[in-house]
Structures are given as C-alpha cells and as structure tokens.
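Engineer: Pasting input.tsv here (TSV, C-alpha atoms and all ligand atoms):
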chain	number	residue	atom	x	y	z
O	1	MET	CA	-11.43	-19.67	-9.39
O	2	ASP	CA	-11.72	-17.07	-6.62
O	3	GLY	CA	-10.02	-14.32	-8.60
O	4	ILE	CA	-12.89	-13.59	-11.00
O	5	VAL	CA	-15.05	-10.90	-9.46
O	6	THR	CA	-18.53	-10.07	-10.61
O	7	LYS	CA	-19.77	-8.13	-7.59
O	8	LYS	CA	-17.86	-5.97	-5.12
O	9	ILE	CA	-18.86	-5.28	-1.54
O	10	ASN	CA	-18.84	-1.69	-0.28
O	11	LEU	CA	-16.52	-0.63	2.50
O	12	ALA	CA	-16.47	2.28	4.93
O	13	VAL	CA	-13.02	2.76	6.46
O	14	LEU	CA	-12.82	4.59	9.78
O	15	ILE	CA	-9.50	6.17	10.70
O	16	SER	CA	-7.95	8.59	13.17
O	17	GLY	CA	-4.45	9.21	11.83
O	18	ARG	CA	-1.71	8.13	9.44
O	19	GLY	CA	-3.87	5.73	7.44
O	20	SER	CA	-1.25	3.29	6.20
O	21	ASN	CA	-3.72	0.42	6.62
O	22	LEU	CA	-6.27	2.47	4.71
O	23	GLN	CA	-3.66	2.82	1.97
O	24	SER	CA	-3.19	-0.94	1.80
O	25	ILE	CA	-6.96	-1.31	1.32
O	26	ILE	CA	-7.01	1.46	-1.31
O	27	ASP	CA	-4.19	-0.32	-3.17
O	28	ALA	CA	-5.96	-3.68	-3.00
O	29	CYS	CA	-9.24	-2.15	-4.22
O	30	ALA	CA	-7.40	-0.67	-7.22
O	31	ASP	CA	-7.13	-4.22	-8.55
O	32	GLU	CA	-10.19	-4.93	-10.69
O	33	ASN	CA	-10.22	-8.49	-9.38
O	34	PHE	CA	-10.38	-7.43	-5.75
O	35	PRO	CA	-13.95	-8.05	-4.56
O	36	ALA	CA	-14.45	-4.80	-2.63
O	37	LYS	CA	-14.45	-1.04	-3.11
O	38	ILE	CA	-14.33	1.84	-0.65
O	39	SER	CA	-17.48	3.98	-0.55
O	40	LEU	CA	-16.36	6.32	2.17
O	41	VAL	CA	-13.54	7.16	4.57
O	42	ILE	CA	-14.47	8.78	7.90
O	43	SER	CA	-12.07	10.31	10.38
O	44	ASN	CA	-12.82	11.59	13.86
O	45	GLU	CA	-9.62	13.69	13.65
O	46	PRO	CA	-9.82	16.59	11.17
O	47	ASP	CA	-6.10	16.54	10.33
O	48	ALA	CA	-5.70	12.78	9.94
O	49	TYR	CA	-3.25	12.15	7.10
O	50	GLY	CA	-5.37	9.22	5.96
O	51	LEU	CA	-7.95	11.75	4.69
O	52	GLU	CA	-5.34	13.00	2.19
O	53	ARG	CA	-4.71	9.43	1.04
O	54	ALA	CA	-8.43	8.91	0.46
O	55	LYS	CA	-8.81	12.21	-1.42
O	56	ALA	CA	-5.79	11.38	-3.58
O	57	ALA	CA	-7.54	8.13	-4.54
O	58	GLY	CA	-10.79	9.98	-5.36
O	59	ILE	CA	-12.69	8.46	-2.41
O	60	ALA	CA	-15.43	10.35	-0.56
O	61	THR	CA	-14.32	11.53	2.88
O	62	ALA	CA	-16.04	12.88	5.96
O	63	THR	CA	-14.73	14.29	9.21
O	64	ILE	CA	-16.82	13.80	12.31
O	65	PRO	CA	-14.82	15.35	15.14
O	66	HIS	CA	-15.80	13.55	18.33
O	67	LYS	CA	-14.91	16.62	20.39
O	68	ALA	CA	-17.78	18.51	18.77
O	69	TYR	CA	-20.33	16.16	20.38
O	70	PRO	CA	-21.35	16.25	24.02
O	71	SER	CA	-21.47	12.46	24.34
O	72	ARG	CA	-20.24	9.26	22.73
O	73	LYS	CA	-23.83	8.46	21.75
O	74	GLU	CA	-24.34	11.74	19.93
O	75	PHE	CA	-21.05	11.28	18.11
O	76	GLU	CA	-22.24	7.86	16.99
O	77	VAL	CA	-25.59	9.23	15.81
O	78	ALA	CA	-23.66	11.55	13.49
O	79	LEU	CA	-21.44	8.65	12.45
O	80	GLN	CA	-24.41	6.41	11.67
O	81	GLU	CA	-26.13	9.23	9.73
O	82	LYS	CA	-23.06	9.68	7.55
O	83	LEU	CA	-22.72	5.93	7.00
O	84	SER	CA	-26.35	5.68	5.90
O	85	GLU	CA	-25.70	8.17	3.08
O	86	TYR	CA	-23.47	5.58	1.34
O	87	PRO	CA	-23.72	1.92	0.43
O	88	VAL	CA	-21.81	0.14	3.20
O	89	ASP	CA	-21.63	-3.65	3.63
O	90	LEU	CA	-18.60	-3.73	5.91
O	91	ILE	CA	-16.95	-1.22	8.23
O	92	CYS	CA	-13.16	-1.47	8.59
O	93	LEU	CA	-11.69	0.21	11.65
O	94	ALA	CA	-8.13	1.02	10.62
O	95	GLY	CA	-6.37	2.88	13.40
O	96	PHE	CA	-9.70	4.34	14.58
O	97	MET	CA	-9.02	5.52	18.11
O	98	ARG	CA	-12.54	5.73	19.53
O	99	VAL	CA	-14.24	3.11	21.64
O	100	LEU	CA	-17.69	2.39	20.22
O	101	THR	CA	-20.79	1.81	22.35
O	102	SER	CA	-22.43	-1.60	22.45
O	103	GLU	CA	-25.47	-0.13	20.63
O	104	PHE	CA	-23.36	0.94	17.67
O	105	VAL	CA	-21.46	-2.37	17.69
O	106	ALA	CA	-24.75	-4.33	17.78
O	107	ARG	CA	-26.01	-2.32	14.78
O	108	TRP	CA	-22.98	-3.57	12.79
O	109	ASP	CA	-22.66	-7.03	14.34
O	110	GLY	CA	-20.73	-9.32	11.99
O	111	LYS	CA	-20.14	-6.38	9.62
O	112	MET	CA	-17.34	-4.52	11.37
O	113	LEU	CA	-13.64	-5.45	11.50
O	114	ASN	CA	-10.77	-4.03	13.52
O	115	ILE	CA	-7.01	-4.42	13.28
O	116	HIS	CA	-4.89	-4.69	16.39
O	117	PRO	CA	-1.08	-4.86	16.49
O	118	SER	CA	-0.72	-7.93	18.74
O	119	LEU	CA	-1.59	-11.59	18.75
O	120	LEU	CA	-4.98	-11.26	20.43
O	121	PRO	CA	-6.19	-12.17	22.96
O	122	ALA	CA	-2.75	-11.17	24.24
O	123	TYR	CA	-1.99	-7.47	24.71
O	124	THR	CA	-5.31	-5.76	24.12
O	125	GLY	CA	-5.35	-1.97	24.41
O	126	LEU	CA	-2.55	0.54	23.86
O	127	HIS	CA	1.29	0.35	23.93
O	128	THR	CA	1.32	-3.27	22.82
O	129	HIS	CA	4.90	-3.28	21.49
O	130	GLU	CA	6.37	-1.84	24.69
O	131	ARG	CA	4.55	-4.48	26.72
O	132	VAL	CA	5.56	-7.31	24.36
O	133	LEU	CA	9.22	-6.29	24.65
O	134	ALA	CA	9.05	-5.85	28.44
O	135	ALA	CA	7.63	-9.37	28.70
O	136	LYS	CA	10.50	-10.69	26.49
O	137	GLU	CA	8.05	-12.39	24.13
O	138	LYS	CA	9.57	-14.43	21.33
O	139	GLU	CA	6.88	-13.46	18.83
O	140	SER	CA	4.19	-10.91	18.23
O	141	GLY	CA	2.06	-9.92	15.26
O	142	CYS	CA	-1.30	-8.52	14.31
O	143	THR	CA	-4.91	-9.62	14.41
O	144	ILE	CA	-7.93	-8.81	12.29
O	145	HIS	CA	-11.04	-9.50	14.31
O	146	PHE	CA	-14.75	-8.87	14.25
O	147	VAL	CA	-15.77	-6.05	16.56
O	148	THR	CA	-17.82	-6.98	19.61
O	149	PRO	CA	-18.57	-4.74	22.60
O	150	GLY	CA	-15.44	-5.68	24.61
O	151	LEU	CA	-12.26	-3.82	23.61
O	152	ASP	CA	-10.20	-5.88	21.11
O	153	GLU	CA	-12.21	-8.96	22.06
O	154	GLY	CA	-14.17	-10.12	19.01
O	155	PRO	CA	-13.54	-13.41	17.20
O	156	THR	CA	-10.33	-13.54	15.22
O	157	LEU	CA	-10.43	-13.72	11.45
O	158	ILE	CA	-6.73	-13.51	10.56
O	159	GLN	CA	-3.47	-13.38	12.47
O	160	LYS	CA	0.03	-12.74	11.15
O	161	ARG	CA	3.04	-13.56	13.30
O	162	VAL	CA	6.49	-11.99	13.39
O	163	ALA	CA	9.55	-12.99	15.43
O	164	VAL	CA	10.62	-10.54	18.12
O	165	MET	CA	14.36	-9.82	17.80
O	166	PRO	CA	16.61	-9.26	20.83
O	167	THR	CA	17.57	-5.90	19.33
O	168	ASP	CA	13.98	-4.75	18.73
O	169	THR	CA	12.71	-1.42	19.95
O	170	PRO	CA	8.98	-0.64	20.02
O	171	GLU	CA	9.52	1.23	16.74
O	172	THR	CA	11.34	-1.55	14.86
O	173	LEU	CA	8.84	-4.15	16.06
O	174	ALA	CA	5.91	-1.90	15.11
O	175	ALA	CA	7.38	-1.37	11.64
O	176	ARG	CA	7.79	-5.12	11.01
O	177	ILE	CA	4.29	-5.85	12.22
O	178	LEU	CA	2.89	-3.03	10.09
O	179	VAL	CA	4.15	-4.79	6.96
O	180	GLU	CA	2.04	-7.79	7.95
O	181	GLU	CA	-0.95	-5.59	8.81
O	182	HIS	CA	-0.94	-4.28	5.27
O	183	ILE	CA	-1.27	-7.82	3.94
O	184	ALA	CA	-3.74	-8.99	6.57
O	185	TYR	CA	-6.44	-6.35	6.12
O	186	PRO	CA	-7.01	-6.79	2.38
O	187	GLU	CA	-6.83	-10.57	2.91
O	188	ALA	CA	-9.57	-10.42	5.57
O	189	ILE	CA	-11.80	-8.17	3.44
O	190	ARG	CA	-11.38	-10.49	0.49
O	191	LEU	CA	-12.39	-13.55	2.54
O	192	ILE	CA	-15.59	-11.83	3.64
O	193	ALA	CA	-16.38	-10.42	0.21
O	194	LEU	CA	-15.99	-13.85	-1.38
O	195	GLY	CA	-18.49	-15.25	1.13
O	196	LYS	CA	-15.90	-17.54	2.71
O	197	VAL	CA	-16.47	-16.45	6.29
O	198	LYS	CA	-19.11	-17.83	8.63
O	199	TYR	CA	-19.36	-15.49	11.58
O	200	GLY	CA	-20.41	-16.78	14.99
O	201	LYS	CA	-20.44	-14.87	18.27
O	202	ASP	CA	-17.23	-16.45	19.53
O	203	HIS	CA	-15.71	-18.12	16.54
O	204	VAL	CA	-15.22	-17.71	12.81
O	205	GLU	CA	-15.16	-20.42	10.16
O	206	ILE	CA	-13.20	-19.79	7.00
O	207	GLY	CA	-13.87	-21.71	3.79
O	208	ALA	CA	-11.21	-22.75	1.30
O	209	VAL	CA	-9.99	-19.90	-0.87
O	210	ASP	CA	-7.13	-19.18	-3.26
O	211	PRO	CA	-4.33	-17.38	-1.44
O	212	TYR	CA	-4.46	-13.60	-1.50
O	213	ILE	CA	-1.65	-12.06	-3.53
O	214	PRO	CA	-1.10	-8.42	-2.58
O	215	PRO	CA	-0.69	-5.99	-5.48
O	216	GLN	CA	2.92	-5.64	-6.52
O	217	PRO	CA	4.36	-2.16	-6.93
O	218	LYS	CA	4.41	-1.34	-10.64
O	219	PRO	CA	8.00	-1.43	-11.96
O	220	ALA	CA	9.22	1.95	-13.16
O	221	PRO	CA	9.82	2.00	-16.93
O	222	VAL	CA	13.47	1.16	-17.43
O	223	THR	CA	15.38	3.58	-19.67
O	224	GLU	CA	18.63	1.97	-20.76
O	225	PRO	CA	21.25	4.57	-19.89
O	226	PRO	CA	23.81	5.27	-22.63
O	227	ALA	CA	27.30	3.90	-22.21
O	228	PRO	CA	29.86	6.67	-21.68
O	229	MET	CA	31.38	7.78	-25.01
O	230	THR	CA	35.02	6.94	-25.58
O	231	VAL	CA	37.05	8.60	-28.38
O	232	ALA	CA	38.00	5.71	-30.61
O	233	PRO	CA	41.60	5.63	-31.93
O	234	GLY	CA	40.42	4.14	-35.22
O	235	PRO	CA	37.44	2.56	-36.92
O	236	ALA	CA	37.61	-0.57	-34.78
O	237	LYS	CA	34.54	-0.93	-32.57
O	238	VAL	CA	35.28	-0.06	-28.97
O	239	GLN	CA	33.90	-2.36	-26.29
O	240	GLN	CA	31.57	-0.19	-24.21
O	241	PRO	CA	31.44	-0.85	-20.49
O	242	ILE	CA	28.13	-2.19	-19.21
O	243	VAL	CA	26.40	0.39	-17.05
O	244	LYS	CA	23.70	-0.82	-14.64
O	245	PRO	CA	20.37	1.02	-14.93
O	246	GLN	CA	20.27	3.76	-12.36
O	247	GLU	CA	18.19	2.78	-9.36
O	248	LYS	CA	15.14	4.97	-8.90
O	249	ALA	CA	14.42	6.16	-5.36
O	250	PRO	CA	11.14	4.58	-4.22
O	251	MET	CA	8.27	7.05	-4.53
O	252	ASP	CA	5.57	7.20	-1.96
O	253	HIS	CA	1.99	7.74	-3.03
O	254	HIS	CA	2.28	11.49	-2.72
O	255	SER	CA	5.53	12.18	-4.45
O	256	ALA	CA	5.33	14.72	-7.22
O	257	PRO	CA	5.41	13.04	-10.61
O	258	ALA	CA	8.62	13.55	-12.57
O	259	GLY	CA	7.91	16.13	-15.28
O	260	ASP	CA	11.48	17.09	-16.23
O	261	ILE	CA	13.30	16.13	-19.41
O	262	ASP	CA	14.89	12.73	-18.96
O	263	PRO	CA	18.71	13.22	-18.81
O	264	ALA	CA	19.14	9.69	-20.17
O	265	ALA	CA	17.24	10.68	-23.32
O	266	ILE	CA	19.49	13.76	-23.81
O	267	ALA	CA	22.61	11.66	-23.38
O	268	HIS	CA	21.21	9.11	-25.82
O	269	SER	CA	20.69	11.82	-28.49
O	270	GLN	CA	24.24	13.09	-27.95
O	271	ALA	CA	25.61	9.59	-28.31
O	272	THR	CA	23.72	9.03	-31.56
O	273	PHE	CA	25.01	12.31	-32.96
O	274	LEU	CA	28.63	11.50	-32.09
O	275	GLU	CA	28.31	8.04	-33.69
O	276	PHE	CA	26.98	9.71	-36.85
O	277	ALA	CA	29.82	12.29	-36.91
O	278	LYS	CA	32.38	9.52	-36.51
O	279	ALA	CA	30.91	7.55	-39.44
O	280	ALA	CA	30.88	10.71	-41.62
O	281	LYS	CA	34.56	11.33	-40.83
O	282	TYR	CA	35.55	7.85	-42.01
O	283	LEU	CA	33.41	8.24	-45.14
O	284	VAL	CA	35.20	11.51	-46.06
O	285	ILE	CA	38.64	9.91	-45.46
O	286	GLY	CA	37.65	6.90	-47.58
O	287	VAL	CA	36.30	9.00	-50.50
O	288	THR	CA	39.39	11.28	-50.41
O	289	ALA	CA	41.70	8.27	-50.50
O	290	LEU	CA	39.76	6.84	-53.43
O	291	LEU	CA	39.99	10.13	-55.37
O	292	ILE	CA	43.76	10.34	-54.75
O	293	LEU	CA	44.15	6.72	-55.94
O	294	MET	CA	42.14	7.48	-59.09
O	295	ALA	CA	44.19	10.62	-59.76
O	296	ILE	CA	47.45	8.67	-59.37
O	297	THR	CA	46.14	5.96	-61.69
O	298	LEU	CA	45.15	8.51	-64.37
O	299	LEU	CA	48.50	10.31	-64.28
O	301	LIG	C1	-1.96	0.15	13.36
O	301	LIG	O1	-0.80	-0.34	13.94
O	301	LIG	C2	-3.16	-0.62	13.81
O	301	LIG	O2	-2.88	-1.95	14.10
O	301	LIG	C3	-3.55	0.10	15.06
O	301	LIG	O3	-3.30	1.44	14.80
O	301	LIG	C4	-2.28	1.56	13.82
O	301	LIG	C5	-2.87	2.40	12.72
O	301	LIG	O4	-1.90	2.71	11.74
O	301	LIG	N1	-4.92	-0.18	15.41
O	301	LIG	P1	-2.34	3.38	10.37
O	301	LIG	O5	-3.12	4.64	10.73
O	301	LIG	O6	-3.18	2.41	9.62
O	301	LIG	O7	-1.06	3.70	9.67
Take the structure I supplied and represent it as structure tokens, if you would.
Ligand code: GRF

Structural biologist:
Amino acid sequence: MDGIVTKKINLAVLISGRGSNLQSIIDACADENFPAKISLVISNEPDAYGLERAKAAGIATATIPHKAYPSRKEFEVALQEKLSEYPVDLICLAGFMRVLTSEFVARWDGKMLNIHPSLLPAYTGLHTHERVLAAKEKESGCTIHFVTPGLDEGPTLIQKRVAVMPTDTPETLAARILVEEHIAYPEAIRLIALGKVKYGKDHVEIGAVDPYIPPQPKPAPVTEPPAPMTVAPGPAKVQQPIVKPQEKAPMDHHSAPAGDIDPAAIAHSQATFLEFAKAAKYLVIGVTALLILMAITLL
C-alpha cells in the first residue's frame, strides 16, 4: 500500500508571488501520510504573498531579492548557500519567475521540478493563456516537468488537461487550469517521494502507484439551527418546519477564526426555555383543575 509513509523527503519551494501552488503543497504535506515535508520556502520578491502562507504554516522562509545582486550567478550563490542550511531533497519551483543558469540547474539535476500552465512542449514562456486562446486551441492544461537548462524544456512528469471553452478569457482559462495545477504538484512530489520515478535526460518512467487523493477541506461542524418558535394554541404538538443548516461562507486560509458567541446556541437556549415555560403552564392548569374537582367532590 503506497499510503503508509515511514520516511518523508524534504522540499524547498521557490516562489515569486501569490503562492497558491505552494499552498497546495502545504496542504498536502499536512497529511501525515503524504511522503514529503517542506523545509524551506524562498522568494526572490520580498512582498510575495506566498511568504505569508508559509509563515502561517510555521515553515521557515527566506527572501533573496535578486535585485540586490549584481549578476544572476551571485544571486544563485546566495540561493545555494541558503538551500545548504536546510535538508533539501527536491526543489519545487512554484511560480518562481527567475531563469536559472545551467550551472545551478546541473547542481540540482533530477532534483528540481517546475510547473508551467500549458501542455508542454506547447506554449513555453509567458502569456500562455492569451496565446492558447488566440490560436483557438481546443484544450490546454498544465505540466510538471524536471528542470533542465532550456526554458520549460525538461522531461514531463505529469500533465493535466482542461477543455478550452469558446467563452474563455485568459482569466477564466487560467483559473480552471490552476485547479488542476493544485492537484498536479502534490501528485508529482508524491510520485518522486515514493521512489516511483526513474529520471532520464529526455524521458521519465513512472512506476505503478495508488492514485493520489488530494486532501479534502474539513467540513465545518454543523450546528442544527433551532426551528422558529410558534405559539401553540393548545397542548397538541406543533409540526415545526424543517430549516436547512445555514451555509457557511468558505473561509480562505487567512480568514480570522470565528470567536463570537454562536447565535444558533443562543436561539437554542431560548427555545428550550420557552418549551419549559409552556410545560409549566399546562402543569399549573392541570393541578388547578384537579384541586377544583376535589373541592367539588368534597362539597
Ligand atoms: C502558476 O500558474 C504556475 O503554473 C506558473 O505561475 C503561476 C504561479 O501561481 N508558473 P501561484 O504563485 O502558485 O499562485
């Protein structure tokens, strides 16, 4: 069974911005049966939002601003120095917007992945969605590939395909592909960590493996809302309308936790109290009637 994990590989994730792919890796690594953990997140952009995601997950972060270095090589020396401070088996480029030199790539040959939002080898480089739409392609997708010196050229590990709709804009297409990206990256990491991938310079062999099941969002605890109280005309039980549980707005990873008193709990207490008062009323009426009956009998 592939799901039982005894040893995890160590990842360094390199980002430049939003970090939604980083988040998908963080979420996957939160599963104790996922065979990898993140040692370090590095950004070349100091205000990359992905750094906040990493910090929120308690992951070590580093910023190495490329602009502070006179050359690509010197930037990469700093990058390599930082990487060597942590255990790193695999580098994941996740929206990392720097081209790496062939020396750096050779240093991590077979140990560095990239994600690209197209079906490589088609549409390497930037503005892929615009170009896919202009070419009236019927499908597009994303590719996880090993990094080799040529831009977006290394051997493919995983591809996910999506249909291109006639109504698509670059934004809608990007959003649909991004959903697949978030499945593909953890899947690729898992394949490597489980030792299922044989890496060759221009091809990749993948061994049989159980399918990857992405972590499901945890369901919010359901509080049964109270049915609205109706004033009963008599002791007969009133059929209460069924009220659907209120839908909770989806929370993103940075939403403030709810700390307020639950209004459903207050309403529930009120309902219990009113039920009790109603029962007491009928008890008093019953006892009074009984006393009157006894008095009449005695007279
Ligand atoms: C993704 O679309 C990825 O394919 C591309 O850059 C984008 C990064 O997005 N290389 P995010 O920072 O992971 O949200």

Engineer: Compute the set of protein, DNA and RNA residues whose minimum atom distance to ligand LIG 301 (chain O) is at most 6 Å, using all atoms listed in the file, and state it as a count of residues only.

Structural biologist: 12

Engineer: For range 130-139 of chain O, please output as number ranges by chain all residues within 7 Å (counting all atoms listed in the file; exclusion window: fewer than 5 positions along the same chain).

Structural biologist: O: 161-164, 170

Engineer: Show me, as a ChimeraX atom specification, the residues that have an atom within 8 Å of range 33-38 of chain O when counting only C-alpha atoms, minus same-chain residues fewer than 3 positions from it.

Structural biologist: /O:3-13,26,28-30,41,59,189-190,193-194

Engineer: Taking into account all atoms listed in the file, which residue in the set O:Val209, O:Leu40, O:Leu120, O:Cys92 is nearest to Gly58 in chain O?

Structural biologist: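 Selected residue with least distance to Gly58 in chain O: O:Leu40.
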
Engineer: Determine the nearest neighbour of Tyr199 in chain O from the options O:Val77, O:Ile177, O:Cys142, O:Leu113, counting all atoms listed in the file.

Structural biologist: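 Using all atoms listed in the file, the shortest distance to Tyr199 in chain O belongs to O:Leu113.
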
Engineer: CA of Ser24 in chain O and CA of Gly207 in chain O, how far apart in Å?

Structural biologist: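 Distance between the two atoms: 23.4 Å.
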
Engineer: Place a sphere of radius 12 Å on (-21.8, 7.9, 18.6) in the file coordinates and name every protein, DNA or RNA residue with an atom inside or on its surface, counting all atoms listed in the file; give the answer as a PDB file with C-alpha atoms, in the frame of the given file.

Structural biologist:
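File written: selection_19.pdb
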ATOM      1  CA  ASN O  44     -12.820  11.590  13.860  1.00  0.00           C
ATOM      2  CA  ILE O  64     -16.820  13.800  12.310  1.00  0.00           C
ATOM      3  CA  PRO O  65     -14.820  15.350  15.140  1.00  0.00           C
ATOM      4  CA  HIS O  66     -15.800  13.550  18.330  1.00  0.00           C
ATOM      5  CA  LYS O  67     -14.910  16.620  20.390  1.00  0.00           C
ATOM      6  CA  ALA O  68     -17.780  18.510  18.770  1.00  0.00           C
ATOM      7  CA  TYR O  69     -20.330  16.160  20.380  1.00  0.00           C
ATOM      8  CA  PRO O  70     -21.350  16.250  24.020  1.00  0.00           C
ATOM      9  CA  SER O  71     -21.470  12.460  24.340  1.00  0.00           C
ATOM     10  CA  ARG O  72     -20.240   9.260  22.730  1.00  0.00           C
ATOM     11  CA  LYS O  73     -23.830   8.460  21.750  1.00  0.00           C
ATOM     12  CA  GLU O  74     -24.340  11.740  19.930  1.00  0.00           C
ATOM     13  CA  PHE O  75     -21.050  11.280  18.110  1.00  0.00           C
ATOM     14  CA  GLU O  76     -22.240   7.860  16.990  1.00  0.00           C
ATOM     15  CA  VAL O  77     -25.590   9.230  15.810  1.00  0.00           C
ATOM     16  CA  ALA O  78     -23.660  11.550  13.490  1.00  0.00           C
ATOM     17  CA  LEU O  79     -21.440   8.650  12.450  1.00  0.00           C
ATOM     18  CA  GLN O  80     -24.410   6.410  11.670  1.00  0.00           C
ATOM     19  CA  GLU O  81     -26.130   9.230   9.730  1.00  0.00           C
ATOM     20  CA  LYS O  82     -23.060   9.680   7.550  1.00  0.00           C
ATOM     21  CA  LEU O  83     -22.720   5.930   7.000  1.00  0.00           C
ATOM     22  CA  ARG O  98     -12.540   5.730  19.530  1.00  0.00           C
ATOM     23  CA  VAL O  99     -14.240   3.110  21.640  1.00  0.00           C
ATOM     24  CA  LEU O 100     -17.690   2.390  20.220  1.00  0.00           C
ATOM     25  CA  THR O 101     -20.790   1.810  22.350  1.00  0.00           C
ATOM     26  CA  SER O 102     -22.430  -1.600  22.450  1.00  0.00           C
ATOM     27  CA  GLU O 103     -25.470  -0.130  20.630  1.00  0.00           C
ATOM     28  CA  PHE O 104     -23.360   0.940  17.670  1.00  0.00           C
ATOM     29  CA  VAL O 105     -21.460  -2.370  17.690  1.00  0.00           C
ATOM     30  CA  ARG O 107     -26.010  -2.320  14.780  1.00  0.00           C
TER      31      ARG O 107
END

Engineer: Identify which of the residues O:Leu173, O:Thr143, O:Pro211, O:His127 lies closest to Leu191 in chain O, counting all atoms listed in the file when measuring atom-to-atom distances.

Structural biologist: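 Nearest candidate to Leu191 in chain O out of O:Leu173, O:Thr143, O:Pro211, O:His127: O:Pro211.
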
Engineer: Give me, please, the distance in Å between CA of Pro155 in chain O and CA of Pro215 in chain O, quoted to one decimal.

Structural biologist: 27.1 Å

Engineer: Please, what distance in Å, to one decimal, runs between CA of Val147 in chain O and CA of Pro121 in chain O?

Structural biologist: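 Computing it gives 13.0 Å between the two atoms.
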
Engineer: Determine the nearest neighbour of Ala188 in chain O from the options O:Met165, O:Val204, O:Ala57, O:Ile144, counting only C-alpha atoms.

Structural biologist: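 Counting only C-alpha atoms, the residue closest to Ala188 in chain O is O:Ile144.
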
Engineer: Check the smallest atom-to-atom distance from each of O:Ala122, O:Ile25, O:Val287, O:Leu298 to Pro214 in chain O using only C-alpha atoms, then report the winner.

Structural biologist: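 Nearest to Pro214 in chain O: O:Ile25.
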
Engineer: What would range 147-154 of chain O look like with all heavy atoms restored, written as a short mmCIF file (atom, residue, chain, number, x, y, z; two decimals), in the coordinates of the input?

Structural biologist:
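Just written: rebuild-v2.cif:
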data_model
loop_
_atom_site.label_atom_id
_atom_site.label_comp_id
_atom_site.auth_asym_id
_atom_site.auth_seq_id
_atom_site.Cartn_x
_atom_site.Cartn_y
_atom_site.Cartn_z
N VAL O 147 -15.61 -6.93 15.40
CA VAL O 147 -15.77 -6.05 16.56
C VAL O 147 -16.99 -6.49 17.37
O VAL O 147 -18.09 -6.62 16.83
CB VAL O 147 -15.91 -4.58 16.11
CG1 VAL O 147 -16.13 -3.67 17.32
CG2 VAL O 147 -14.67 -4.15 15.34
N THR O 148 -16.75 -6.71 18.64
CA THR O 148 -17.82 -6.98 19.61
C THR O 148 -17.68 -5.94 20.72
O THR O 148 -16.69 -5.20 20.73
CB THR O 148 -17.69 -8.42 20.17
OG1 THR O 148 -16.38 -8.57 20.69
CG2 THR O 148 -17.95 -9.47 19.10
N PRO O 149 -18.63 -5.85 21.64
CA PRO O 149 -18.57 -4.74 22.60
C PRO O 149 -17.29 -4.64 23.42
O PRO O 149 -16.82 -3.55 23.71
CB PRO O 149 -19.79 -4.99 23.49
CG PRO O 149 -20.75 -5.73 22.62
CD PRO O 149 -19.92 -6.59 21.73
N GLY O 150 -16.67 -5.75 23.80
CA GLY O 150 -15.44 -5.68 24.61
C GLY O 150 -14.27 -5.20 23.76
O GLY O 150 -14.14 -5.57 22.59
N LEU O 151 -13.39 -4.40 24.35
CA LEU O 151 -12.26 -3.82 23.61
C LEU O 151 -11.32 -4.92 23.09
O LEU O 151 -10.81 -5.73 23.88
CB LEU O 151 -11.49 -2.87 24.54
CG LEU O 151 -10.29 -2.14 23.90
CD1 LEU O 151 -10.75 -1.11 22.89
CD2 LEU O 151 -9.43 -1.50 24.97
N ASP O 152 -11.11 -4.93 21.78
CA ASP O 152 -10.20 -5.88 21.11
C ASP O 152 -10.54 -7.34 21.44
O ASP O 152 -9.65 -8.19 21.56
CB ASP O 152 -8.73 -5.60 21.50
CG ASP O 152 -8.30 -4.18 21.17
OD1 ASP O 152 -8.78 -3.64 20.15
OD2 ASP O 152 -7.50 -3.60 21.93
N GLU O 153 -11.83 -7.63 21.57
CA GLU O 153 -12.21 -8.96 22.06
C GLU O 153 -12.90 -9.86 21.04
O GLU O 153 -13.07 -11.05 21.30
CB GLU O 153 -13.15 -8.81 23.26
CG GLU O 153 -12.42 -8.69 24.56
CD GLU O 153 -13.35 -8.61 25.74
OE1 GLU O 153 -14.56 -8.87 25.59
OE2 GLU O 153 -12.85 -8.28 26.82
N GLY O 154 -13.35 -9.33 19.94
CA GLY O 154 -14.17 -10.12 19.01
C GLY O 154 -13.43 -11.30 18.41
O GLY O 154 -12.20 -11.38 18.49
#
